[in-house]
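> My questions all concern the structure below.
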Amino acid sequence: MKNLKAISVFLVFNFIMLTPVLTQPLNDITSLSVQLVYAAGEDGIFMKSSNGGTSYTSTLISSGDLNGISAAGSRIWAAGDSGRYLSSTDLGASWTEEILGTGVQLNSIFFTDSLTGYISGNGGMILKTTNSGANWSALNSGVTFNLNKIKYTNSSTGFAFGESSSVLLTTNGGAEWNQVTTPSLSFLRAADISGNEIIAGSNENILYRSTNLGANWQQIPLKIYSKPGINVLTILSPQEYILVFESGTIWNTTNGGQTFTYPVNEFMDALNSVYVRGTRIYAVSKRHKMIVRSQDRGLNWSLTPNSSYSIHFVSILSGTFSNYNKILEMNYQKRGVLYALEKDKLYRTLNYGENWSIISTLPVDTSVRNSTQLLVNMRDSSKMLAGVNSFGPVGGEYKCSIFRTTNYGANWVRVLGLNIDHIGNFMNQDPQHPDTVYLGAKDTVFRSTDWGANWTKICEAPFEDWCDIAIHPSNSQIIYGSTNHYPAKLQKSTNGGVNWSFVDFVTDTSYSEMPAIATTALSPNVLLHAQLANNNLFKGLKRSYTSGNTWLFNQLPGTSWAIDIAKDDPNLYAYGSVSYDPVFLSTNSGGFFAGTSSTYAEQILYYDRTNLYVNSHGFLYKMRINYTMPVIGIENISTGVPGSFELSQNYPNPFNPVTSIKFGLPEQSSVKLIIYDALGREVKALIDSELKAGNYSVDWNAADSPSGVYFYRLITTDYSETRKMILIK
């Protein structure tokens with residue numbers, strides 16, 4: 001099993017407020033052959049592989065961002081900001097740079113052969129060359145909007161798209177361009193054409209498909225609750241597509257979008273561009289200097305060999321929170337918008353949790369001590385239900401109040417008061433009919449069909465305290481409920497909550513609970529539940545792929561409490577506990593779990609591959625991932641010349657197993673960079689060569705070295721310095 005397990009994960013246990021740490025992002029990738037792969041990105045970075053993506057070299061070839069790269073014959077071309085155009089005639093060993101036109105931003109470059117190429121840019125710009133880029137002439141695109149991508153399917157037929165809902169199409173080498181209108185209501189982010197087949201996508205959670213060059217369109221809803229935009233679309237063959245979302249998730253279809261499969265992908269962040277070379281497919285990261293590849297036509301994806309990453313959680317909202325369970329919710333109509341309920345305060349973020357503001361105060365009485373649940377209507381986010389509870393029993397009972405709003409919290413009305421345990425997730429909506437809400441209180445099941453305005457008792461069930469309740473994503477008659485009494489049971493109803501029977505239970509009768517249930521709209525028959533007991537053998541995650549008829553078990557440490565499935569990929573599971581044990585992640589449907597940072601996980605919201613949130617009872621945390629992809633040899637990281645010799649502290653430090661060492665040379669020098677162990681014995685000579693003046697970075701992969709203290713020493717004719725670093729495995 002390669003996912004997560006084979007990748008070195010450096011665990012960071014501190015929880016602090018900070019912004020994302022992003023390495024040099026890559027914007028585009030291309031390939032000349034099975035072995036030759038090239039990528040370009042921010043700050044002029046150029047990466048090259050001569051072994052099919054097994055390893056890369058890296059250098060800076062420009063002082064500005066590079067947005068597109070293309071290759072043909074023995075030539076490589078790149079285009080970027082401020083009209084930057086670069087070309088190489090020796091497979092990237094050397095480059096020439098010039099500014100085209102008036103310096104307008106160039107967004108994409110594509111060569112059909114070693115002579116003929118095209119560039120698209122802002123303001124509707126399309127340029128063409130027929131002599132390998134020696135000269136460029138402007139074509140009349142007929143539009144003024146920014147064109148973000150240009151591509152040709154043969155020497156005559158090409159297309160371009162950008163800040164419009166239309167695709168530009170030419171069938172005569174760019175002499176004439178026609179606008180093909182799509183049904184999209186927003187700008188296209190991705191498109192591809194093959195023969196008469198066109199696919200297009202934007203921010204709308206819809207795949208648009210035409211089989212007659214845009215005369216008619218089919219709209220295919222993608223059913224992703226978090227609504228990520230489509231970053232890349234690639235047609236491999238008729239009806240066989242690859243979809244890459246802004247969250248980094250990759251989908252495949254072989255029947256024109258009638259059904260989708262979800263390949264295993266161990267990279268957990270945004271992807272930016274894809275290039276297909278036979279059975280190999282490459283993709284570059286939008287936020288990191290990372291390249292992932294598939295060697296089996298997109299069925300499985302992996303990081304570049306010897307890559308590593310670190311996972312940690314940062315605080316995004318803290319204070320005097322008094323909350324339990326599922327008080328963090330998402331807006332199902334607007335991407336990046338989430339809500340959090342703290343006692344009587346409703347918080348909102350518009351940017352994935354980076355900033356929060358209080359938008360509403362509930363009219364609670366003085367006996368209310370904590371918030372316990374928040375629901376946002378899946379089809380109308382102005383509608384919300386909030387559960388607040390006394391912290392301890394009042395008159396021998398836990399008093400819970402349900403409040404309802406239909407105007408984003410401007411007005412709240414108390415609609416129900418019940419005896420409910422304050423640590424249960426007792427309320428949920430029907431994804432097929434979101435105005436229908438089910439609520440469990442002790443041994444009674446209530447239903448509302450008008451978003452909580454009115455409630456009807458529909459049955460008495462064999463429960464005493466509800467742990468969680470979930471409705472099947474595509475069958476409103478199937479409802480699941482879990483209990484925390486001994487033995488804990490998972491109940492299932494197949495007639496809308498009227499009758500129940502148990503489908504799983506914990507055999508530890510001294511103490512057991514089933515605190516959380518998770519389902520996914522992308523694989524409706526998948527059902528997860530967390531369970532805990534006195535006996536450690538029963539602590540962990542139960543998995544069913546048959547709606548609860550059969551089960552698999554992952555024994556995991558901690559007082560299991562929170563689970564969720566990523567909204568954009570049914571392969572991604574997250575599991576947490578309320579005993580400050582690690583949050584565990586799986587990228588292959590529970591086949592293997594890797595532990596990350598330890599935290600108290602009252603609730604996990606797996607928004608999508610890029611965004612995972614943890615309610616830690618008093619704080620809200622968000623997952624951060626930092627990736628390191630080693631480069632072979634020395635990387636020139638700046639075209640500037642430092643004023644003196646410099647040796648920087650390695651980063652990260654401590655590290656496992658890869659760290660980067662940066663140094664600066666004010667003049668051409670004979671350079672040695674040597675690694676020593678704690679006893680002063682030489683471990684590895686990273687550099688022993690003549691280097692020009694400049695700033696450099698070199699990675700040390702210590703996968704074959706034991707944990708411990710190491711020293712690295714930079715030696716030149718006129719300078720020597722030593723620094724310490726720590727390897728932790």
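By order in the structure tokens, chains are A, B, ...; within a chain, residues start at 1; ligands start at 1, following the order shown.
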Excluding region 245-250 of chain A and residues on its chain fewer than 6 positions from it, collect all residues at most 10 Å away from it, counting only C-alpha atoms, and give them as a PyMOL selection string.
chain A and resi 189-190+201-203+205+226-233+261-272+283-286+298-301+566+568-569+607-611
> Export, as a PDB file, in the first residue's frame, the selected residues with C-alpha atoms.

ATOM      1  CA  ARG A 189     -12.146  27.257 -15.991  1.00  0.00           C
ATOM      2  CA  ALA A 190     -11.544  24.151 -18.109  1.00  0.00           C
ATOM      3  CA  GLY A 201     -16.532  23.210 -16.752  1.00  0.00           C
ATOM      4  CA  SER A 202     -16.601  26.237 -14.456  1.00  0.00           C
ATOM      5  CA  ASN A 203     -17.548  26.851 -10.813  1.00  0.00           C
ATOM      6  CA  ASN A 205     -20.577  21.784 -10.022  1.00  0.00           C
ATOM      7  CA  SER A 226     -18.478  21.640  -1.403  1.00  0.00           C
ATOM      8  CA  LYS A 227     -18.824  22.713  -5.073  1.00  0.00           C
ATOM      9  CA  PRO A 228     -15.165  22.905  -6.180  1.00  0.00           C
ATOM     10  CA  GLY A 229     -14.595  24.411  -9.609  1.00  0.00           C
ATOM     11  CA  ILE A 230     -13.154  22.269 -12.390  1.00  0.00           C
ATOM     12  CA  ASN A 231      -9.515  23.236 -13.020  1.00  0.00           C
ATOM     13  CA  VAL A 232      -8.664  20.794 -15.829  1.00  0.00           C
ATOM     14  CA  LEU A 233     -10.608  18.650 -18.298  1.00  0.00           C
ATOM     15  CA  THR A 261     -14.719   6.550 -10.701  1.00  0.00           C
ATOM     16  CA  TYR A 262     -12.408   8.104  -8.136  1.00  0.00           C
ATOM     17  CA  PRO A 263      -8.765   7.061  -8.536  1.00  0.00           C
ATOM     18  CA  VAL A 264      -6.572   6.826  -5.471  1.00  0.00           C
ATOM     19  CA  ASN A 265      -4.565  10.034  -5.219  1.00  0.00           C
ATOM     20  CA  GLU A 266      -2.186  10.646  -2.325  1.00  0.00           C
ATOM     21  CA  PHE A 267      -1.684  14.374  -3.038  1.00  0.00           C
ATOM     22  CA  MET A 268      -4.030  16.449  -0.890  1.00  0.00           C
ATOM     23  CA  ASP A 269      -4.046  19.928  -2.402  1.00  0.00           C
ATOM     24  CA  ALA A 270      -4.999  21.853  -5.545  1.00  0.00           C
ATOM     25  CA  LEU A 271      -3.753  20.767  -8.981  1.00  0.00           C
ATOM     26  CA  ASN A 272      -3.265  23.167 -11.832  1.00  0.00           C
ATOM     27  CA  ALA A 283      -0.173  17.063 -13.025  1.00  0.00           C
ATOM     28  CA  VAL A 284       1.359  20.057 -11.239  1.00  0.00           C
ATOM     29  CA  SER A 285       0.407  21.682  -7.960  1.00  0.00           C
ATOM     30  CA  LYS A 286      -1.168  25.114  -7.771  1.00  0.00           C
ATOM     31  CA  GLY A 298      -5.102   7.894 -14.581  1.00  0.00           C
ATOM     32  CA  LEU A 299      -6.259   4.881 -12.565  1.00  0.00           C
ATOM     33  CA  ASN A 300      -3.825   5.625  -9.712  1.00  0.00           C
ATOM     34  CA  TRP A 301      -1.774   8.711  -8.834  1.00  0.00           C
ATOM     35  CA  ALA A 566     -14.330  14.170   1.958  1.00  0.00           C
ATOM     36  CA  ASP A 568     -15.311  15.528  -3.282  1.00  0.00           C
ATOM     37  CA  ASP A 569     -13.673  12.091  -2.993  1.00  0.00           C
ATOM     38  CA  TYR A 607     -14.975  19.828   3.358  1.00  0.00           C
ATOM     39  CA  ASP A 608     -12.838  18.512   0.497  1.00  0.00           C
ATOM     40  CA  ARG A 609      -9.365  17.190  -0.253  1.00  0.00           C
ATOM     41  CA  THR A 610      -7.749  20.563   0.446  1.00  0.00           C
ATOM     42  CA  ASN A 611      -9.842  21.655   3.440  1.00  0.00           C
TER      43      ASN A 611
END
> For a quick check of understanding, using only C-alpha atoms, which of A:Leu385, A:Ala441, A:Ile76, A:Leu168 has the smallest distance to Val415 (chain A)?
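The closest residue to Val415 (chain A) is A:Leu385.
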> Could you check the closest approach to Glu460 (chain A) for each of A:Arg297, A:Lys442, A:Arg681, A:Arg447 and tell me which residue wins, using only C-alpha atoms?
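Of all the options, A:Lys442 lies closest to Glu460 (chain A).
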> Among region 92-315 of chain A, which residues does DSSP mark as strand (DSSP E or B) when it is run on the backbone? Keep the chain and numbering as in the structure and answer as JSON, numbers by chain.
{"A": [96, 97, 98, 99, 106, 107, 108, 109, 110, 111, 117, 118, 119, 120, 121, 126, 127, 128, 129, 137, 138, 139, 147, 148, 149, 150, 151, 152, 158, 159, 160, 161, 162, 166, 167, 168, 169, 170, 178, 179, 180, 181, 190, 191, 192, 193, 194, 197, 198, 199, 200, 201, 206, 207, 208, 209, 210, 218, 219, 220, 221, 230, 231, 232, 233, 234, 235, 236, 237, 240, 241, 242, 243, 244, 245, 250, 251, 252, 253, 261, 264, 265, 271, 272, 273, 274, 275, 276, 277, 280, 281, 282, 283, 284, 285, 291, 292, 293, 294, 300, 301, 302, 303, 308, 309, 310, 311, 312, 313, 314, 315]}
